[in-house]
>>> print(open('protein31.txt').read())   # compact mmCIF, N, CA and C atoms
# COMPACT_ATOMS: atom_id res chain seq x y z
N MET A 1 28.74 79.68 -46.01
CA MET A 1 27.86 79.72 -47.16
C MET A 1 27.53 81.18 -47.46
N LEU A 2 28.06 81.73 -48.52
CA LEU A 2 27.74 83.08 -48.94
C LEU A 2 26.69 83.02 -50.03
N ARG A 3 25.79 83.99 -50.02
CA ARG A 3 24.78 84.05 -51.07
C ARG A 3 24.86 85.40 -51.74
N CYS A 4 24.64 85.42 -53.03
CA CYS A 4 24.66 86.66 -53.78
C CYS A 4 23.41 86.69 -54.64
N SER A 5 22.79 87.84 -54.70
CA SER A 5 21.59 87.99 -55.51
C SER A 5 21.60 89.35 -56.18
N LYS A 6 21.26 89.40 -57.46
CA LYS A 6 21.21 90.68 -58.18
C LYS A 6 19.89 91.40 -57.94
N SER A 7 18.82 90.65 -57.73
CA SER A 7 17.52 91.29 -57.57
C SER A 7 16.68 90.51 -56.58
N ALA A 8 15.46 90.95 -56.41
CA ALA A 8 14.55 90.29 -55.49
C ALA A 8 14.25 88.87 -55.96
N LYS A 9 13.90 88.00 -55.02
CA LYS A 9 13.58 86.62 -55.32
C LYS A 9 12.33 86.54 -56.18
N ARG A 10 12.42 85.76 -57.28
CA ARG A 10 11.25 85.54 -58.12
C ARG A 10 10.33 84.55 -57.43
N SER A 11 9.06 84.59 -57.78
CA SER A 11 8.09 83.72 -57.12
C SER A 11 8.35 82.24 -57.40
N ASP A 12 9.05 81.89 -58.49
CA ASP A 12 9.31 80.50 -58.80
C ASP A 12 10.63 80.00 -58.22
N GLU A 13 11.40 80.88 -57.54
CA GLU A 13 12.66 80.47 -56.95
C GLU A 13 12.40 79.82 -55.59
N VAL A 14 13.26 78.87 -55.24
CA VAL A 14 13.20 78.24 -53.93
C VAL A 14 13.88 79.16 -52.94
N ASP A 15 13.26 79.36 -51.81
CA ASP A 15 13.83 80.22 -50.76
C ASP A 15 14.92 79.43 -50.03
N PRO A 16 16.20 79.86 -50.16
CA PRO A 16 17.28 79.12 -49.51
C PRO A 16 17.17 79.11 -47.99
N ARG A 17 16.42 80.03 -47.42
CA ARG A 17 16.28 80.08 -45.97
C ARG A 17 15.46 78.90 -45.43
N LYS A 18 14.62 78.30 -46.26
CA LYS A 18 13.85 77.14 -45.80
C LYS A 18 14.79 75.99 -45.46
N ALA A 19 15.91 75.90 -46.18
CA ALA A 19 16.89 74.87 -45.89
C ALA A 19 17.87 75.31 -44.80
N SER A 20 18.04 76.60 -44.64
CA SER A 20 19.00 77.13 -43.68
C SER A 20 18.45 78.40 -43.02
N PRO A 21 17.44 78.24 -42.14
CA PRO A 21 16.84 79.43 -41.52
C PRO A 21 17.79 80.08 -40.53
N GLY A 22 17.48 81.31 -40.15
CA GLY A 22 18.28 82.00 -39.15
C GLY A 22 18.61 83.40 -39.57
N VAL A 23 19.56 83.99 -38.89
CA VAL A 23 19.95 85.37 -39.12
C VAL A 23 21.07 85.42 -40.17
N TYR A 24 20.91 86.33 -41.12
CA TYR A 24 21.92 86.57 -42.15
C TYR A 24 22.31 88.03 -42.08
N SER A 25 23.54 88.32 -42.41
CA SER A 25 23.96 89.70 -42.50
C SER A 25 24.71 89.89 -43.80
N GLY A 26 24.71 91.12 -44.29
CA GLY A 26 25.39 91.35 -45.55
C GLY A 26 25.36 92.79 -45.99
N TRP A 27 25.65 92.96 -47.27
CA TRP A 27 25.74 94.27 -47.90
C TRP A 27 24.87 94.31 -49.14
N LEU A 28 24.26 95.44 -49.36
CA LEU A 28 23.62 95.77 -50.62
C LEU A 28 24.60 96.73 -51.28
N ALA A 29 25.26 96.27 -52.32
CA ALA A 29 26.32 97.05 -52.97
C ALA A 29 25.74 98.19 -53.80
N PRO A 30 26.57 99.19 -54.10
CA PRO A 30 26.11 100.30 -54.95
C PRO A 30 25.57 99.84 -56.31
N ASP A 31 26.07 98.70 -56.82
CA ASP A 31 25.60 98.21 -58.12
C ASP A 31 24.35 97.33 -57.99
N GLY A 32 23.80 97.19 -56.79
CA GLY A 32 22.56 96.44 -56.58
C GLY A 32 22.75 95.00 -56.17
N ARG A 33 23.98 94.49 -56.14
CA ARG A 33 24.22 93.10 -55.73
C ARG A 33 24.05 92.96 -54.22
N PHE A 34 23.58 91.79 -53.81
CA PHE A 34 23.52 91.42 -52.40
C PHE A 34 24.58 90.37 -52.14
N GLU A 35 25.29 90.49 -51.05
CA GLU A 35 26.18 89.45 -50.55
C GLU A 35 25.82 89.24 -49.10
N GLU A 36 25.56 88.01 -48.72
CA GLU A 36 25.21 87.74 -47.33
C GLU A 36 25.72 86.39 -46.90
N ALA A 37 25.75 86.18 -45.59
CA ALA A 37 26.21 84.94 -45.00
C ALA A 37 25.47 84.75 -43.67
N PRO A 38 25.38 83.51 -43.19
CA PRO A 38 24.75 83.29 -41.89
C PRO A 38 25.52 84.01 -40.79
N GLY A 39 24.81 84.53 -39.81
CA GLY A 39 25.43 85.19 -38.67
C GLY A 39 25.32 86.70 -38.76
N THR A 40 25.86 87.37 -37.75
CA THR A 40 25.73 88.82 -37.70
C THR A 40 27.06 89.56 -37.71
N ALA A 41 28.17 88.89 -37.63
CA ALA A 41 29.46 89.58 -37.51
C ALA A 41 30.35 89.35 -38.73
N LEU A 42 29.76 89.25 -39.90
CA LEU A 42 30.52 88.91 -41.10
C LEU A 42 30.68 90.06 -42.07
N HIS A 43 30.28 91.27 -41.70
CA HIS A 43 30.31 92.39 -42.63
C HIS A 43 31.70 92.66 -43.17
N VAL A 44 32.71 92.64 -42.34
CA VAL A 44 34.07 92.96 -42.78
C VAL A 44 34.58 91.89 -43.74
N THR A 45 34.32 90.63 -43.45
CA THR A 45 34.73 89.54 -44.34
C THR A 45 34.08 89.68 -45.71
N LEU A 46 32.81 90.05 -45.75
CA LEU A 46 32.11 90.19 -47.02
C LEU A 46 32.63 91.36 -47.85
N LEU A 47 33.23 92.36 -47.20
CA LEU A 47 33.78 93.50 -47.94
C LEU A 47 34.78 93.04 -49.00
N GLN A 48 35.55 92.01 -48.69
CA GLN A 48 36.55 91.50 -49.62
C GLN A 48 35.92 91.02 -50.92
N ARG A 49 34.72 90.50 -50.87
CA ARG A 49 34.04 90.02 -52.08
C ARG A 49 33.72 91.16 -53.04
N PHE A 50 33.67 92.38 -52.51
CA PHE A 50 33.43 93.56 -53.34
C PHE A 50 34.72 94.30 -53.67
N GLY A 51 35.86 93.80 -53.16
CA GLY A 51 37.12 94.47 -53.40
C GLY A 51 37.31 95.71 -52.55
N GLU A 52 36.60 95.79 -51.43
CA GLU A 52 36.68 96.95 -50.54
C GLU A 52 37.52 96.61 -49.32
N ARG A 53 38.21 97.62 -48.80
CA ARG A 53 39.07 97.41 -47.63
C ARG A 53 38.41 97.81 -46.33
N THR A 54 37.60 98.85 -46.34
CA THR A 54 36.96 99.30 -45.11
C THR A 54 35.47 99.55 -45.33
N LYS A 55 34.70 99.40 -44.27
CA LYS A 55 33.26 99.65 -44.38
C LYS A 55 32.99 101.13 -44.63
N GLU A 56 33.83 102.02 -44.09
CA GLU A 56 33.64 103.46 -44.30
C GLU A 56 33.75 103.81 -45.78
N ASP A 57 34.75 103.23 -46.47
CA ASP A 57 34.90 103.48 -47.91
C ASP A 57 33.70 102.94 -48.68
N PHE A 58 33.20 101.79 -48.28
CA PHE A 58 32.07 101.17 -48.97
C PHE A 58 30.80 101.99 -48.74
N PHE A 59 30.58 102.44 -47.50
CA PHE A 59 29.44 103.32 -47.23
C PHE A 59 29.54 104.59 -48.08
N ALA A 60 30.74 105.13 -48.22
CA ALA A 60 30.93 106.37 -48.99
C ALA A 60 30.56 106.19 -50.46
N LYS A 61 30.61 104.97 -50.96
CA LYS A 61 30.25 104.69 -52.35
C LYS A 61 28.76 104.39 -52.52
N GLY A 62 28.02 104.33 -51.41
CA GLY A 62 26.58 104.10 -51.49
C GLY A 62 26.12 102.72 -51.07
N ALA A 63 26.94 101.99 -50.35
CA ALA A 63 26.55 100.66 -49.89
C ALA A 63 25.58 100.76 -48.71
N VAL A 64 24.80 99.70 -48.52
CA VAL A 64 23.87 99.59 -47.40
C VAL A 64 24.20 98.28 -46.68
N ARG A 65 24.40 98.36 -45.37
CA ARG A 65 24.65 97.16 -44.58
C ARG A 65 23.33 96.71 -44.00
N TYR A 66 23.11 95.39 -43.91
CA TYR A 66 21.84 94.91 -43.36
C TYR A 66 22.01 93.64 -42.55
N VAL A 67 21.04 93.42 -41.68
CA VAL A 67 20.88 92.16 -40.96
C VAL A 67 19.46 91.71 -41.23
N ASP A 68 19.32 90.48 -41.67
CA ASP A 68 18.02 89.91 -42.01
C ASP A 68 17.75 88.75 -41.06
N ALA A 69 16.81 88.96 -40.15
CA ALA A 69 16.49 87.95 -39.14
C ALA A 69 15.20 87.21 -39.49
N THR A 70 14.92 87.02 -40.76
CA THR A 70 13.75 86.33 -41.30
C THR A 70 12.46 87.11 -41.06
N ASP A 71 12.21 87.55 -39.84
CA ASP A 71 10.99 88.32 -39.56
C ASP A 71 11.27 89.80 -39.35
N HIS A 72 12.53 90.20 -39.43
CA HIS A 72 12.91 91.59 -39.19
C HIS A 72 14.15 91.94 -40.02
N ILE A 73 14.14 93.13 -40.60
CA ILE A 73 15.27 93.65 -41.38
C ILE A 73 15.80 94.89 -40.69
N SER A 74 17.10 94.97 -40.56
CA SER A 74 17.75 96.16 -40.02
C SER A 74 18.74 96.67 -41.07
N LEU A 75 18.58 97.95 -41.47
CA LEU A 75 19.45 98.55 -42.48
C LEU A 75 20.29 99.66 -41.86
N GLU A 76 21.50 99.83 -42.39
CA GLU A 76 22.36 100.95 -42.01
C GLU A 76 22.81 101.66 -43.27
N LEU A 77 22.55 102.97 -43.33
CA LEU A 77 22.95 103.81 -44.46
C LEU A 77 23.81 104.93 -43.92
N HIS A 78 24.70 105.43 -44.75
CA HIS A 78 25.48 106.58 -44.35
C HIS A 78 24.90 107.82 -45.02
N GLY A 79 24.32 108.72 -44.21
CA GLY A 79 23.80 109.98 -44.73
C GLY A 79 22.69 109.81 -45.75
N SER A 80 22.74 110.64 -46.79
CA SER A 80 21.72 110.63 -47.84
C SER A 80 22.33 110.40 -49.20
N ASP A 81 23.14 109.38 -49.33
CA ASP A 81 23.72 109.05 -50.62
C ASP A 81 22.60 108.56 -51.54
N PRO A 82 22.44 109.17 -52.74
CA PRO A 82 21.33 108.79 -53.61
C PRO A 82 21.36 107.33 -54.04
N ILE A 83 22.53 106.76 -54.24
CA ILE A 83 22.62 105.34 -54.63
C ILE A 83 22.10 104.46 -53.50
N ALA A 84 22.55 104.73 -52.28
CA ALA A 84 22.11 103.94 -51.13
C ALA A 84 20.61 104.09 -50.91
N LEU A 85 20.11 105.32 -51.04
CA LEU A 85 18.67 105.55 -50.85
C LEU A 85 17.85 104.79 -51.87
N ARG A 86 18.24 104.86 -53.15
CA ARG A 86 17.49 104.14 -54.20
C ARG A 86 17.54 102.64 -53.98
N ASN A 87 18.74 102.10 -53.68
CA ASN A 87 18.86 100.66 -53.50
C ASN A 87 18.10 100.17 -52.27
N ALA A 88 18.15 100.92 -51.18
CA ALA A 88 17.40 100.53 -49.98
C ALA A 88 15.90 100.59 -50.23
N LEU A 89 15.45 101.63 -50.90
CA LEU A 89 14.04 101.77 -51.23
C LEU A 89 13.57 100.62 -52.12
N ASP A 90 14.36 100.29 -53.14
CA ASP A 90 14.02 99.19 -54.03
C ASP A 90 13.97 97.86 -53.27
N ALA A 91 14.95 97.61 -52.42
CA ALA A 91 14.98 96.35 -51.67
C ALA A 91 13.79 96.24 -50.72
N LEU A 92 13.43 97.35 -50.07
CA LEU A 92 12.27 97.32 -49.17
C LEU A 92 10.97 97.12 -49.93
N ALA A 93 10.90 97.63 -51.15
CA ALA A 93 9.67 97.51 -51.94
C ALA A 93 9.57 96.16 -52.67
N THR A 94 10.68 95.46 -52.82
CA THR A 94 10.67 94.19 -53.56
C THR A 94 11.13 93.03 -52.69
N ARG A 95 12.40 92.93 -52.46
CA ARG A 95 12.99 91.81 -51.72
C ARG A 95 12.37 91.63 -50.34
N TRP A 96 12.14 92.73 -49.62
CA TRP A 96 11.61 92.67 -48.27
C TRP A 96 10.23 93.30 -48.15
N ALA A 97 9.44 93.31 -49.20
CA ALA A 97 8.13 93.98 -49.21
C ALA A 97 7.17 93.40 -48.17
N ALA A 98 7.24 92.13 -47.92
CA ALA A 98 6.30 91.49 -47.00
C ALA A 98 6.71 91.64 -45.54
N ARG A 99 7.83 92.25 -45.29
CA ARG A 99 8.31 92.40 -43.91
C ARG A 99 7.73 93.64 -43.26
N SER A 100 7.11 93.46 -42.12
CA SER A 100 6.63 94.63 -41.38
C SER A 100 7.65 95.06 -40.34
N GLY A 101 8.50 94.13 -39.92
CA GLY A 101 9.53 94.45 -38.95
C GLY A 101 10.78 94.97 -39.64
N VAL A 102 10.90 96.28 -39.72
CA VAL A 102 12.04 96.91 -40.40
C VAL A 102 12.51 98.08 -39.56
N ASP A 103 13.84 98.26 -39.48
CA ASP A 103 14.35 99.50 -38.91
C ASP A 103 15.55 99.93 -39.75
N VAL A 104 15.80 101.21 -39.75
CA VAL A 104 16.94 101.75 -40.50
C VAL A 104 17.64 102.78 -39.62
N GLU A 105 18.95 102.77 -39.70
CA GLU A 105 19.75 103.77 -39.00
C GLU A 105 20.54 104.55 -40.04
N PHE A 106 20.42 105.86 -40.00
CA PHE A 106 21.20 106.73 -40.86
C PHE A 106 22.46 107.11 -40.10
N LEU A 107 23.56 106.40 -40.38
CA LEU A 107 24.81 106.62 -39.67
C LEU A 107 25.29 108.05 -39.86
N GLY A 108 25.86 108.59 -38.84
CA GLY A 108 26.35 109.96 -38.91
C GLY A 108 25.32 110.98 -38.47
N SER A 109 24.04 110.63 -38.58
CA SER A 109 23.00 111.59 -38.16
C SER A 109 22.27 111.12 -36.92
N GLY A 110 22.40 109.82 -36.61
CA GLY A 110 21.73 109.29 -35.44
C GLY A 110 20.25 109.02 -35.65
N SER A 111 19.72 109.34 -36.84
CA SER A 111 18.30 109.11 -37.11
C SER A 111 18.00 107.62 -37.18
N ARG A 112 16.87 107.23 -36.61
CA ARG A 112 16.43 105.84 -36.65
C ARG A 112 14.94 105.81 -36.92
N LEU A 113 14.52 104.94 -37.83
CA LEU A 113 13.11 104.77 -38.14
C LEU A 113 12.73 103.32 -37.92
N ALA A 114 11.42 103.03 -37.75
CA ALA A 114 11.07 101.68 -37.36
C ALA A 114 9.84 101.06 -38.02
N SER A 115 9.40 101.52 -39.15
CA SER A 115 8.35 100.79 -39.86
C SER A 115 8.64 100.85 -41.35
N ASN A 116 8.28 99.80 -42.07
CA ASN A 116 8.58 99.73 -43.50
C ASN A 116 8.01 100.93 -44.25
N VAL A 117 6.77 101.29 -43.97
CA VAL A 117 6.13 102.42 -44.65
C VAL A 117 6.83 103.72 -44.30
N GLU A 118 7.08 103.94 -43.01
CA GLU A 118 7.77 105.14 -42.55
C GLU A 118 9.17 105.25 -43.18
N ILE A 119 9.85 104.14 -43.24
CA ILE A 119 11.20 104.12 -43.80
C ILE A 119 11.16 104.44 -45.29
N GLN A 120 10.25 103.81 -46.04
CA GLN A 120 10.18 104.09 -47.47
C GLN A 120 9.83 105.56 -47.72
N ASP A 121 8.93 106.12 -46.92
CA ASP A 121 8.59 107.54 -47.06
C ASP A 121 9.81 108.42 -46.80
N GLU A 122 10.58 108.12 -45.77
CA GLU A 122 11.77 108.92 -45.45
C GLU A 122 12.85 108.78 -46.52
N LEU A 123 13.03 107.56 -47.04
CA LEU A 123 14.01 107.37 -48.12
C LEU A 123 13.63 108.17 -49.35
N ARG A 124 12.34 108.15 -49.69
CA ARG A 124 11.87 108.96 -50.84
C ARG A 124 12.08 110.45 -50.58
N ARG A 125 11.75 110.92 -49.36
CA ARG A 125 11.92 112.33 -49.02
C ARG A 125 13.38 112.74 -49.15
N ARG A 126 14.29 111.93 -48.61
CA ARG A 126 15.72 112.25 -48.69
C ARG A 126 16.21 112.23 -50.13
N LEU A 127 15.73 111.29 -50.92
CA LEU A 127 16.14 111.19 -52.31
C LEU A 127 15.68 112.40 -53.09
N HIS A 128 14.43 112.84 -52.89
CA HIS A 128 13.90 114.00 -53.61
C HIS A 128 14.54 115.31 -53.17
N ALA A 129 15.09 115.33 -51.98
CA ALA A 129 15.75 116.54 -51.47
C ALA A 129 17.14 116.76 -52.07
N ILE A 130 17.67 115.73 -52.74
CA ILE A 130 18.99 115.84 -53.37
C ILE A 130 18.82 116.43 -54.76
N PRO A 131 19.52 117.51 -55.07
CA PRO A 131 19.40 118.12 -56.41
C PRO A 131 19.79 117.13 -57.51
N ASP A 132 19.07 117.19 -58.62
CA ASP A 132 19.36 116.39 -59.82
C ASP A 132 19.29 114.88 -59.59
N THR A 133 18.31 114.40 -58.80
CA THR A 133 18.16 112.95 -58.65
C THR A 133 16.81 112.51 -59.11
>>> encode(input="protein31.txt", output="structure tokens")
Amino acid sequence: MLRCSKSAKRSDEVDPRKASPGVYSGWLAPDGRFEEAPGTALHVTLLQRFGERTKEDFFAKGAVRYVDATDHISLELHGSDPIALRNALDALATRWAARSGVDVEFLGSGSRLASNVEIQDELRRRLHAIPDT
């Protein structure tokens, strides 16, 4: 069961997790789409839905990989790509705003953060540090 969402869940939408709780993993694409499926080892399979061959190429375009464990979100970003930073910041402020259990890993730099507020502050700082963004 793959799920795709363009934006955060509206308050009148039914939460599909109530029917199928558990851990989901997926990608936040550079264009803002979400693709996810139950489980944690499906990232490579989901790449095909975006027409991508490797996760490295997708990260280079500004994709964000995530694992959503209902009470905890884990994000992976590559460096300080402005598209990835904006999309991650937007998702944390909307789709996952009520989650206090959040961590993010900036691949390539080894940086890891562990609170929603701290993460949003760091994403904003990195975004503002990029010229012309």
>>> closest_residue(input="protein31.txt", among="A:Glu76, A:Glu35, A:Asp81, A:Asp71", to="Leu127 (chain A)", atoms="all atoms listed in the file")
A:Asp81
>>> select_by_dssp(input="protein31.txt", residues="region 90-131 of chain A", states="alpha helix (DSSP H)", output="list in words")
Asp90, Ala91, Leu92, Ala93, Asn116, Val117, Glu118, Ile119, Gln120, Asp121, Glu122, Leu123, Arg124, Arg125, Arg126, Leu127 and His128 of chain A
>>> closest_residue(input="protein31.txt", among="A:Ile119, A:Ala63, A:Ile73, A:Leu89", to="Ser25 (chain A)", atoms="only C-alpha atoms")
A:Ile73
>>> residues_around(input="protein31.txt", residues="Gly26 (chain A)", least_positions_apart="3", cutoff="7 Å", atoms="only C-alpha atoms", output="VMD selection string")
chain A and resid 35 to 37 43 46 65 to 67
>>> atom_distance(input="protein31.txt", atom1="atom N of Gly39 (chain A)", atom2="CA of Asp68 (chain A)")
8.9 Å
>>> atom_distance(input="protein31.txt", atom1="CA of Arg124 (chain A)", atom2="CA of Ala88 (chain A)")
10.1 Å
>>> select_by_dssp(input="protein31.txt", residues="region 21-122 of chain A", states="strand (DSSP E)", output="VMD selection string")
chain A and resid 24 to 28 34 to 38 64 to 68 72 to 78 101 to 107 111 to 113
>>> write_last_selection(input="protein31.txt", atoms="N, CA and C atoms", output="short mmCIF file (atom, residue, chain, number, x, y, z; two decimals), in the coordinates of the input")
data_model
loop_
_atom_site.label_atom_id
_atom_site.label_comp_id
_atom_site.auth_asym_id
_atom_site.auth_seq_id
_atom_site.Cartn_x
_atom_site.Cartn_y
_atom_site.Cartn_z
N TYR A 24 20.91 86.33 -41.12
CA TYR A 24 21.92 86.57 -42.15
C TYR A 24 22.31 88.03 -42.08
N SER A 25 23.54 88.32 -42.41
CA SER A 25 23.96 89.70 -42.50
C SER A 25 24.71 89.89 -43.80
N GLY A 26 24.71 91.12 -44.29
CA GLY A 26 25.39 91.35 -45.55
C GLY A 26 25.36 92.79 -45.99
N TRP A 27 25.65 92.96 -47.27
CA TRP A 27 25.74 94.27 -47.90
C TRP A 27 24.87 94.31 -49.14
N LEU A 28 24.26 95.44 -49.36
CA LEU A 28 23.62 95.77 -50.62
C LEU A 28 24.60 96.73 -51.28
N PHE A 34 23.58 91.79 -53.81
CA PHE A 34 23.52 91.42 -52.40
C PHE A 34 24.58 90.37 -52.14
N GLU A 35 25.29 90.49 -51.05
CA GLU A 35 26.18 89.45 -50.55
C GLU A 35 25.82 89.24 -49.10
N GLU A 36 25.56 88.01 -48.72
CA GLU A 36 25.21 87.74 -47.33
C GLU A 36 25.72 86.39 -46.90
N ALA A 37 25.75 86.18 -45.59
CA ALA A 37 26.21 84.94 -45.00
C ALA A 37 25.47 84.75 -43.67
N PRO A 38 25.38 83.51 -43.19
CA PRO A 38 24.75 83.29 -41.89
C PRO A 38 25.52 84.01 -40.79
N VAL A 64 24.80 99.70 -48.52
CA VAL A 64 23.87 99.59 -47.40
C VAL A 64 24.20 98.28 -46.68
N ARG A 65 24.40 98.36 -45.37
CA ARG A 65 24.65 97.16 -44.58
C ARG A 65 23.33 96.71 -44.00
N TYR A 66 23.11 95.39 -43.91
CA TYR A 66 21.84 94.91 -43.36
C TYR A 66 22.01 93.64 -42.55
N VAL A 67 21.04 93.42 -41.68
CA VAL A 67 20.88 92.16 -40.96
C VAL A 67 19.46 91.71 -41.23
N ASP A 68 19.32 90.48 -41.67
CA ASP A 68 18.02 89.91 -42.01
C ASP A 68 17.75 88.75 -41.06
N HIS A 72 12.53 90.20 -39.43
CA HIS A 72 12.91 91.59 -39.19
C HIS A 72 14.15 91.94 -40.02
N ILE A 73 14.14 93.13 -40.60
CA ILE A 73 15.27 93.65 -41.38
C ILE A 73 15.80 94.89 -40.69
N SER A 74 17.10 94.97 -40.56
CA SER A 74 17.75 96.16 -40.02
C SER A 74 18.74 96.67 -41.07
N LEU A 75 18.58 97.95 -41.47
CA LEU A 75 19.45 98.55 -42.48
C LEU A 75 20.29 99.66 -41.86
N GLU A 76 21.50 99.83 -42.39
CA GLU A 76 22.36 100.95 -42.01
C GLU A 76 22.81 101.66 -43.27
N LEU A 77 22.55 102.97 -43.33
CA LEU A 77 22.95 103.81 -44.46
C LEU A 77 23.81 104.93 -43.92
N HIS A 78 24.70 105.43 -44.75
CA HIS A 78 25.48 106.58 -44.35
C HIS A 78 24.90 107.82 -45.02
N GLY A 101 8.50 94.13 -39.92
CA GLY A 101 9.53 94.45 -38.95
C GLY A 101 10.78 94.97 -39.64
N VAL A 102 10.90 96.28 -39.72
CA VAL A 102 12.04 96.91 -40.40
C VAL A 102 12.51 98.08 -39.56
N ASP A 103 13.84 98.26 -39.48
CA ASP A 103 14.35 99.50 -38.91
C ASP A 103 15.55 99.93 -39.75
N VAL A 104 15.80 101.21 -39.75
CA VAL A 104 16.94 101.75 -40.50
C VAL A 104 17.64 102.78 -39.62
N GLU A 105 18.95 102.77 -39.70
CA GLU A 105 19.75 103.77 -39.00
C GLU A 105 20.54 104.55 -40.04
N PHE A 106 20.42 105.86 -40.00
CA PHE A 106 21.20 106.73 -40.86
C PHE A 106 22.46 107.11 -40.10
N LEU A 107 23.56 106.40 -40.38
CA LEU A 107 24.81 106.62 -39.67
C LEU A 107 25.29 108.05 -39.86
N SER A 111 19.72 109.34 -36.84
CA SER A 111 18.30 109.11 -37.11
C SER A 111 18.00 107.62 -37.18
N ARG A 112 16.87 107.23 -36.61
CA ARG A 112 16.43 105.84 -36.65
C ARG A 112 14.94 105.81 -36.92
N LEU A 113 14.52 104.94 -37.83
CA LEU A 113 13.11 104.77 -38.14
C LEU A 113 12.73 103.32 -37.92
#
>>> closest_residue(input="protein31.txt", among="A:Val104, A:Thr54, A:Arg95, A:His72", to="Arg33 (chain A)", atoms="only C-alpha atoms")
A:Arg95
>>> atom_distance(input="protein31.txt", atom1="CA of Ser100 (chain A)", atom2="CA of Val64 (chain A)")
18.9 Å
>>> residues_around(input="protein31.txt", residues="Ile83 (chain A)", least_positions_apart="2", cutoff="7 Å", atoms="only C-alpha atoms", output="ChimeraX atom specification")
/A:30,62,81,85-87
>>> closest_residue(input="protein31.txt", among="A:Pro38, A:Gly108, A:Pro82, A:Pro131", to="Gly22 (chain A)", atoms="all atoms listed in the file")
A:Pro38
